[in-house]
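Pasted below: upload.cif, mmCIF, C-alpha atoms and all ligand atoms.
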data_query
#
loop_
_atom_site.label_atom_id
_atom_site.label_comp_id
_atom_site.auth_asym_id
_atom_site.auth_seq_id
_atom_site.Cartn_x
_atom_site.Cartn_y
_atom_site.Cartn_z
CA MET J 10 9.39 -23.86 161.14
CA GLY J 11 8.26 -24.49 157.60
CA ALA J 12 10.32 -23.44 154.63
CA ARG J 13 9.21 -20.16 153.13
CA PRO J 14 7.01 -20.49 150.09
CA VAL J 15 8.77 -20.16 146.77
CA ALA J 16 7.87 -19.99 143.11
CA VAL J 17 10.24 -21.63 140.64
CA LEU J 18 11.07 -19.66 137.52
CA SER J 19 12.57 -21.02 134.28
CA PHE J 20 13.79 -18.55 131.70
CA ASP J 21 14.40 -18.86 127.95
CA ALA J 22 18.07 -18.93 127.10
CA ALA J 23 17.66 -15.54 125.40
CA LEU J 24 16.90 -14.01 128.81
CA HIS J 25 19.89 -15.49 130.63
CA ARG J 26 22.00 -12.39 130.00
CA PHE J 27 19.89 -10.56 132.59
CA LEU J 28 20.38 -13.21 135.29
CA ALA J 29 23.35 -13.47 137.62
CA PRO J 30 25.76 -16.03 136.10
CA ALA J 31 25.11 -18.60 138.85
CA ARG J 32 21.38 -18.59 138.05
CA ARG J 33 21.65 -19.21 134.32
CA GLY J 34 20.59 -22.42 132.69
CA ARG J 35 18.47 -23.85 135.51
CA PRO J 36 15.21 -23.06 137.32
CA VAL J 37 15.50 -20.37 139.99
CA ALA J 38 13.49 -20.32 143.23
CA VAL J 39 12.10 -16.94 144.34
CA GLU J 40 10.71 -16.44 147.82
CA ILE J 41 7.11 -15.31 147.97
CA ASP J 42 6.65 -13.65 151.37
CA ARG J 43 3.17 -12.52 150.52
CA ALA J 44 1.24 -12.38 147.27
CA ARG J 45 3.61 -11.04 144.69
CA SER J 46 3.00 -10.29 141.01
CA ALA J 47 4.77 -12.39 138.39
CA LYS J 48 6.30 -9.13 137.12
CA ASP J 49 7.81 -8.41 140.51
CA ALA J 50 9.18 -11.94 140.94
CA ILE J 51 10.72 -11.91 137.44
CA GLU J 52 12.23 -8.46 137.87
CA SER J 53 13.65 -9.35 141.29
CA LEU J 54 16.06 -11.59 139.33
CA GLY J 55 17.08 -8.78 136.96
CA VAL J 56 14.90 -9.48 133.91
CA PRO J 57 12.91 -6.35 132.96
CA HIS J 58 9.28 -6.98 131.99
CA THR J 59 9.80 -5.34 128.60
CA GLU J 60 12.07 -8.26 127.61
CA VAL J 61 9.41 -10.88 128.46
CA GLY J 62 7.52 -12.19 125.44
CA GLY J 63 5.13 -14.41 127.39
CA LEU J 64 4.81 -16.58 130.45
CA SER J 65 2.97 -19.55 131.79
CA ILE J 66 2.14 -20.45 135.38
CA ASP J 67 1.81 -24.17 136.05
CA GLY J 68 1.48 -24.76 132.32
CA ARG J 69 -1.25 -22.20 131.70
CA ALA J 70 -0.77 -18.95 129.79
CA ALA J 71 -0.54 -16.12 132.30
CA GLY J 72 0.07 -12.40 132.57
CA LEU J 73 2.70 -10.29 134.29
CA GLU J 74 0.20 -8.96 136.80
CA ASP J 75 -0.98 -12.41 137.92
CA LEU J 76 -0.35 -12.97 141.61
CA LEU J 77 1.91 -15.69 142.98
CA ARG J 78 1.35 -17.16 146.43
CA GLY J 79 4.10 -19.76 146.43
CA GLY J 80 4.30 -23.23 144.94
CA GLU J 81 3.94 -22.16 141.31
CA ARG J 82 6.22 -23.03 138.42
CA LEU J 83 6.72 -20.29 135.85
CA ALA J 84 8.13 -20.56 132.34
CA ILE J 85 9.19 -17.22 130.93
CA SER J 86 9.88 -16.68 127.25
CA ALA J 87 11.79 -13.86 125.58
CA GLN J 88 10.36 -11.34 123.15
CA PRO J 89 10.23 -13.14 119.81
CA GLU J 90 12.49 -12.01 117.00
CA ALA J 91 10.92 -9.23 114.99
CA VAL J 92 9.28 -10.06 111.71
CA ASP J 93 11.47 -8.57 109.01
CA PRO J 94 10.17 -6.57 107.32
CA ALA J 95 8.18 -5.11 110.20
CA PRO J 96 4.80 -3.85 108.96
CA GLU J 97 5.49 -0.40 110.36
CA ALA J 98 8.60 1.13 111.93
CA PRO J 99 8.09 1.88 115.61
CA ARG J 100 8.86 5.30 116.98
CA PHE J 101 11.56 5.49 119.61
CA ALA J 102 12.59 7.53 122.64
CA ALA J 103 16.22 7.14 123.64
CA ASP J 104 17.64 7.76 127.09
CA VAL J 105 20.09 10.54 127.84
CA HIS J 106 23.16 8.32 127.34
CA LEU J 107 22.14 7.23 123.84
CA GLY J 108 22.40 10.54 121.98
CA LYS J 109 24.67 9.10 119.28
CA LEU J 110 22.30 6.20 118.67
CA ALA J 111 19.38 8.67 118.40
CA ARG J 112 21.24 10.63 115.73
CA HIS J 113 22.13 7.48 113.79
CA LEU J 114 18.49 6.37 113.87
CA ARG J 115 17.33 9.75 112.56
CA LEU J 116 19.91 9.66 109.77
CA ALA J 117 18.51 6.25 108.85
CA GLY J 118 15.05 7.88 108.72
CA PHE J 119 13.56 6.70 112.03
CA ASP J 120 11.64 8.87 114.45
CA CYS J 121 13.64 8.94 117.69
CA LEU J 122 13.10 11.51 120.39
CA TRP J 123 16.04 12.31 122.60
CA SER J 124 17.06 15.21 124.81
CA LYS J 125 20.21 15.81 126.80
CA ASP J 126 17.97 17.50 129.38
CA TRP J 127 15.74 14.50 130.03
CA ASP J 128 15.75 12.74 133.36
CA ASP J 129 14.20 9.27 133.57
CA ASP J 130 10.71 10.66 134.28
CA ALA J 131 10.82 12.90 131.22
CA LEU J 132 11.98 10.02 129.01
CA VAL J 133 9.18 7.77 130.23
CA ALA J 134 6.58 10.54 129.84
CA ALA J 135 7.70 11.18 126.25
CA ALA J 136 7.52 7.48 125.45
CA VAL J 137 4.09 7.02 127.02
CA ALA J 138 2.67 10.15 125.37
CA ASP J 139 2.93 8.71 121.88
CA LYS J 140 3.55 5.02 122.41
CA ARG J 141 7.26 5.04 121.73
CA VAL J 142 9.69 2.23 122.33
CA VAL J 143 12.12 3.18 125.10
CA LEU J 144 15.74 2.50 124.18
CA THR J 145 18.03 2.37 127.17
CA ARG J 146 20.90 0.56 128.86
CA ASP J 147 19.31 1.25 132.25
CA ILE J 148 17.31 -1.77 133.40
CA GLY J 149 15.68 0.31 136.15
CA ILE J 150 13.84 2.36 133.53
CA LEU J 151 12.53 -0.79 131.84
CA ARG J 152 11.07 -2.06 135.12
CA ARG J 153 8.62 0.81 135.29
CA ARG J 154 5.03 -0.24 134.69
CA ALA J 155 4.41 2.73 132.42
CA VAL J 156 7.06 1.44 130.02
CA THR J 157 5.20 -1.16 128.02
CA ARG J 158 7.58 -1.26 125.07
CA GLY J 159 11.28 -1.00 125.52
CA ARG J 160 14.58 -2.54 124.66
CA PHE J 161 17.66 -2.99 126.72
CA VAL J 162 20.27 -2.00 124.15
CA ARG J 163 22.97 -4.68 124.29
CA ALA J 164 25.69 -3.09 122.20
CA VAL J 165 27.93 -0.42 123.72
CA GLU J 166 29.27 1.30 120.62
CA SER J 167 26.79 3.57 118.81
CA GLU J 168 27.10 2.12 115.31
CA ALA J 169 26.74 -1.40 116.68
CA GLN J 170 23.69 -0.14 118.59
CA LEU J 171 22.14 1.11 115.37
CA ALA J 172 22.76 -2.24 113.71
CA GLU J 173 21.24 -3.99 116.74
CA VAL J 174 18.06 -1.88 116.73
CA VAL J 175 17.59 -2.32 112.98
CA ARG J 176 17.90 -6.10 113.39
CA ALA J 177 15.83 -6.37 116.57
CA PHE J 178 12.86 -4.46 115.15
CA GLY J 179 13.05 -5.84 111.61
CA LEU J 180 13.71 -2.45 110.03
CA ARG J 181 15.96 -3.19 107.08
CA ALA J 182 13.18 -2.57 104.57
CA GLN J 183 12.13 0.64 106.36
CA LEU J 184 15.41 2.50 106.05
CA ARG J 185 14.90 6.00 104.69
CA PRO J 186 18.30 7.64 104.82
CA PHE J 187 18.40 11.32 103.97
CA SER J 188 14.85 11.95 105.15
CA ARG J 189 15.05 13.25 108.75
CA CYS J 190 17.13 15.89 110.55
CA ARG J 191 19.72 14.25 112.81
CA GLU J 192 19.49 17.15 115.26
CA CYS J 193 15.76 18.00 115.28
CA ASN J 194 14.15 14.62 114.41
CA VAL J 195 11.81 16.32 111.90
CA PRO J 196 11.32 15.26 108.25
CA LEU J 197 13.51 17.09 105.75
CA GLU J 198 12.04 19.03 102.86
CA ASN J 199 13.28 18.99 99.28
CA VAL J 200 15.12 22.07 98.20
CA SER J 201 16.57 22.98 94.82
CA LYS J 202 20.29 23.39 94.38
CA ASP J 203 19.69 26.96 93.21
CA ASP J 204 18.08 27.81 96.53
CA VAL J 205 20.99 26.63 98.65
CA GLU J 206 23.97 27.01 96.33
CA ALA J 207 25.30 30.11 98.02
CA LEU J 208 25.38 28.32 101.37
CA LEU J 209 27.33 25.27 100.25
CA PRO J 210 31.02 24.56 100.64
CA GLU J 211 32.70 24.62 97.23
CA LYS J 212 33.44 20.87 97.15
CA VAL J 213 29.84 20.02 97.94
CA ARG J 214 28.59 22.38 95.26
CA ALA J 215 30.76 20.60 92.70
CA LEU J 216 29.92 17.04 93.76
CA TYR J 217 26.22 16.89 94.68
CA THR J 218 22.98 17.70 92.94
CA ARG J 219 20.26 16.63 95.43
CA PHE J 220 19.70 18.59 98.61
CA ARG J 221 17.27 18.66 101.48
CA ARG J 222 16.77 21.12 104.29
CA CYS J 223 15.50 20.87 107.82
CA PRO J 224 12.51 23.15 108.31
CA GLY J 225 13.52 23.49 111.97
CA CYS J 226 17.23 24.29 112.15
CA LYS J 227 17.70 25.03 108.40
CA ARG J 228 20.64 22.60 108.15
CA ILE J 229 21.22 21.45 104.59
CA TYR J 230 21.70 17.76 103.87
CA TRP J 231 23.26 16.00 100.91
CA GLU J 232 24.15 12.37 100.34
CA GLY J 233 27.70 12.81 101.47
CA THR J 234 29.98 11.33 104.09
CA HIS J 235 27.32 10.66 106.74
CA PHE J 236 25.29 8.59 104.36
CA GLU J 237 28.16 6.57 102.98
CA ARG J 238 29.15 5.73 106.52
CA LEU J 239 25.56 4.90 107.45
CA ARG J 240 25.24 2.61 104.45
CA ALA J 241 28.40 0.78 105.46
CA VAL J 242 27.10 0.32 109.02
CA LEU J 243 23.77 -0.96 107.79
CA ALA J 244 25.38 -3.28 105.28
CA ARG J 245 27.30 -4.80 108.21
CA ALA J 246 24.06 -5.02 110.21
CA SER J 247 22.32 -7.05 107.55
CA GLY J 248 25.32 -9.25 106.81
ZN ZN J 301 17.08 20.33 112.12
#

Taking this structure as input, can you express it in the form of structure tokens?
Ligand SMILES: [Zn+2]
Amino acid sequence: MGARPVAVLSFDAALHRFLAPARRGRPVAVEIDRARSAKDAIESLGVPHTEVGGLSIDGRAAGLEDLLRGGERLAISAQPEAVDPAPEAPRFAADVHLGKLARHLRLAGFDCLWSKDWDDDALVAAAVADKRVVLTRDIGILRRRAVTRGRFVRAVESEAQLAEVVRAFGLRAQLRPFSRCRECNVPLENVSKDDVEALLPEKVRALYTRFRRCPGCKRIYWEGTHFERLRAVLARASG
């Protein structure tokens, strides 16, 4: 009886969070019963392919779909830190549990689709349809082949999640607060104070001069409480 063939996988420290604690910090052997893709072997240990920046097999650059037959040594690196400033802000699709994060992102000016009615299939379809980055805390979603860009959101609290996404994607220079509806995800339009005055609470009418309106839901926005709070969160994110 020969030992079953294995491939030996070494992960960057930045990927250790996805591994069981006992497997961190040293090479891990994965059984290869029959030809198995590198993606499958990596994900069998808990690391979703979207978090992999690159890999080598026996010292040569390789791809996630390359087949393993046993006896290989793999080195797996994490997604590199984003260049900040990123040349262009990505568009996002957030999973059903990340509604607060989606709203924060929109308030910061980023395009983030989200629906409370989405199941996993609908989320993935929306992301694939216009090349959006999937934001989720569900590793199962990130294992899907159709999901080519995604991030496992580490933070649990929504403001910390916003700070994390801004940092991870190098978005500090791309912030456009006061430009997108937090409910509809559509760009706001400028509107004169005269046009909306009758609709404003008295305090707002006295304090603010610049207003924008959502062409979808007709909500009126001014640089009030939401934006001060957002600025504070983002200041913490860049600190
Ligand atoms: Zn709206």

With the cut-off set at 10 Å and counting only C-alpha atoms and all ligand atoms, tabulate each residue of chain J with an atom at most that distance from an atom of ligand ZN 301 (chain J), showing the nearest atom pair and its distance in Å to one decimal, ordered by chain and increasing number, as JSON lines.
{"residue": "J:Arg189", "atom": "CA", "partner": "J:ZN301", "partner_atom": "ZN", "distance": 8.1}
{"residue": "J:Cys190", "atom": "CA", "partner": "J:ZN301", "partner_atom": "ZN", "distance": 4.7}
{"residue": "J:Arg191", "atom": "CA", "partner": "J:ZN301", "partner_atom": "ZN", "distance": 6.7}
{"residue": "J:Glu192", "atom": "CA", "partner": "J:ZN301", "partner_atom": "ZN", "distance": 5.1}
{"residue": "J:Cys193", "atom": "CA", "partner": "J:ZN301", "partner_atom": "ZN", "distance": 4.1}
{"residue": "J:Asn194", "atom": "CA", "partner": "J:ZN301", "partner_atom": "ZN", "distance": 6.8}
{"residue": "J:Val195", "atom": "CA", "partner": "J:ZN301", "partner_atom": "ZN", "distance": 6.6}
{"residue": "J:Pro196", "atom": "CA", "partner": "J:ZN301", "partner_atom": "ZN", "distance": 8.6}
{"residue": "J:Leu197", "atom": "CA", "partner": "J:ZN301", "partner_atom": "ZN", "distance": 8.0}
{"residue": "J:Arg222", "atom": "CA", "partner": "J:ZN301", "partner_atom": "ZN", "distance": 7.9}
{"residue": "J:Cys223", "atom": "CA", "partner": "J:ZN301", "partner_atom": "ZN", "distance": 4.6}
{"residue": "J:Pro224", "atom": "CA", "partner": "J:ZN301", "partner_atom": "ZN", "distance": 6.6}
{"residue": "J:Gly225", "atom": "CA", "partner": "J:ZN301", "partner_atom": "ZN", "distance": 4.8}
{"residue": "J:Cys226", "atom": "CA", "partner": "J:ZN301", "partner_atom": "ZN", "distance": 4.0}
{"residue": "J:Lys227", "atom": "CA", "partner": "J:ZN301", "partner_atom": "ZN", "distance": 6.0}
{"residue": "J:Arg228", "atom": "CA", "partner": "J:ZN301", "partner_atom": "ZN", "distance": 5.8}
{"residue": "J:Ile229", "atom": "CA", "partner": "J:ZN301", "partner_atom": "ZN", "distance": 8.7}
{"residue": "J:Tyr230", "atom": "CA", "partner": "J:ZN301", "partner_atom": "ZN", "distance": 9.8}

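Distance check against Val39 (chain J) using only C-alpha atoms: of J:Val200, J:Leu18, J:Ala241, J:Leu208, the minimum falls on J:Leu18.
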
**Prompt:** Can you list, as a PyMOL selection string, every protein, DNA or RNA residue that comes within 10 Å of Val92 (chain J) when you count only C-alpha atoms, leaving out same-chain residues fewer than 3 positions away?
**Reply:** chain J and resi 89+95-96+176-180

File of the preceding selection, C-alpha atoms, as a short mmCIF file (atom, residue, chain, number, x, y, z; two decimals), in the frame of the given file:
data_model
loop_
_atom_site.label_atom_id
_atom_site.label_comp_id
_atom_site.auth_asym_id
_atom_site.auth_seq_id
_atom_site.Cartn_x
_atom_site.Cartn_y
_atom_site.Cartn_z
CA PRO J 89 10.23 -13.14 119.81
CA ALA J 95 8.18 -5.11 110.20
CA PRO J 96 4.80 -3.85 108.96
CA ARG J 176 17.90 -6.10 113.39
CA ALA J 177 15.83 -6.37 116.57
CA PHE J 178 12.86 -4.46 115.15
CA GLY J 179 13.05 -5.84 111.61
CA LEU J 180 13.71 -2.45 110.03
#

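Between Gln183 (chain J) and the residues J:Ala131, J:Ala38, J:Leu243, J:Ile51, the shortest atom-to-atom distance, using only C-alpha atoms, involves J:Leu243.
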
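When only C-alpha atoms are used to compute distances to Tyr217 (chain J), the closest of the residues J:Glu90, J:Leu184, J:Gly233, J:Asp204 turns out to be J:Gly233.
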
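Distances here use all atoms listed in the file; by that measure, the residue among J:Ser46, J:Ser53, J:Ser65, J:Thr59 closest to Ala155 (chain J) is J:Thr59.
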
**Message:** Given all atoms listed in the file as the basis, pick out the residue of J:Val105, J:Ala207, J:Val61, J:Ala111 nearest to Gly159 (chain J).
**Reply:** J:Val61

Kindly extract all protein, DNA and RNA residues lying within 8 Å of the coordinates (5.2, -19.3, 135.9) given in the file, considering only C-alpha atoms, and supply them as a compact mmCIF listing (two decimals) with C-alpha atoms, in the frame of the given file.
# COMPACT_ATOMS: atom_id res chain seq x y z
CA ALA J 16 7.87 -19.99 143.11
CA VAL J 17 10.24 -21.63 140.64
CA LEU J 18 11.07 -19.66 137.52
CA SER J 19 12.57 -21.02 134.28
CA ALA J 47 4.77 -12.39 138.39
CA LEU J 64 4.81 -16.58 130.45
CA SER J 65 2.97 -19.55 131.79
CA ILE J 66 2.14 -20.45 135.38
CA ASP J 67 1.81 -24.17 136.05
CA GLY J 68 1.48 -24.76 132.32
CA ALA J 71 -0.54 -16.12 132.30
CA GLU J 81 3.94 -22.16 141.31
CA ARG J 82 6.22 -23.03 138.42
CA LEU J 83 6.72 -20.29 135.85
CA ALA J 84 8.13 -20.56 132.34
CA ILE J 85 9.19 -17.22 130.93

**Asked** CA of Leu114 (chain J) and CA of Gln88 (chain J) are how many Å apart?
**Response** 21.6 Å

**Request:** Have a look at CA of Ala87 (chain J) and CA of Ala50 (chain J) and let me know their distance in Å, one decimal.
**Result:** 15.7 Å

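When CA of Asp93 (chain J) is paired with CA of Val174 (chain J), their separation reads 12.2 Å.
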
**Item:** Closest of J:Ser124, J:Thr157, J:Ser86, J:Asn199 to Lys109 (chain J) - atom-to-atom distances counting only C-alpha atoms
**Value:** J:Ser124

Mind checking which residues fall within 12 Å of Phe101 (chain J), counting all atoms listed in the file, ignoring those fewer than 5 positions away in the same chain, and posting them as a tab-separated table (two decimals) with C-alpha atoms, in the coordinates of the input?
chain	number	residue	atom	x	y	z
J	107	LEU	CA	22.14	7.23	123.84
J	110	LEU	CA	22.30	6.20	118.67
J	111	ALA	CA	19.38	8.67	118.40
J	112	ARG	CA	21.24	10.63	115.73
J	114	LEU	CA	18.49	6.37	113.87
J	115	ARG	CA	17.33	9.75	112.56
J	118	GLY	CA	15.05	7.88	108.72
J	119	PHE	CA	13.56	6.70	112.03
J	120	ASP	CA	11.64	8.87	114.45
J	121	CYS	CA	13.64	8.94	117.69
J	122	LEU	CA	13.10	11.51	120.39
J	123	TRP	CA	16.04	12.31	122.60
J	132	LEU	CA	11.98	10.02	129.01
J	133	VAL	CA	9.18	7.77	130.23
J	135	ALA	CA	7.70	11.18	126.25
J	136	ALA	CA	7.52	7.48	125.45
J	137	VAL	CA	4.09	7.02	127.02
J	138	ALA	CA	2.67	10.15	125.37
J	139	ASP	CA	2.93	8.71	121.88
J	140	LYS	CA	3.55	5.02	122.41
J	141	ARG	CA	7.26	5.04	121.73
J	142	VAL	CA	9.69	2.23	122.33
J	143	VAL	CA	12.12	3.18	125.10
J	144	LEU	CA	15.74	2.50	124.18
J	145	THR	CA	18.03	2.37	127.17
J	158	ARG	CA	7.58	-1.26	125.07
J	159	GLY	CA	11.28	-1.00	125.52
J	160	ARG	CA	14.58	-2.54	124.66
J	174	VAL	CA	18.06	-1.88	116.73
J	175	VAL	CA	17.59	-2.32	112.98
J	178	PHE	CA	12.86	-4.46	115.15
J	194	ASN	CA	14.15	14.62	114.41

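Shell of Ile41 (chain J) at 10 Å, with only C-alpha atoms counted and residues fewer than 5 places along the chain excluded, is Arg13, Pro14, Val15, Ala16, Ser46, Ala50, Leu77, Arg78, Gly79 and Gly80 of chain J.
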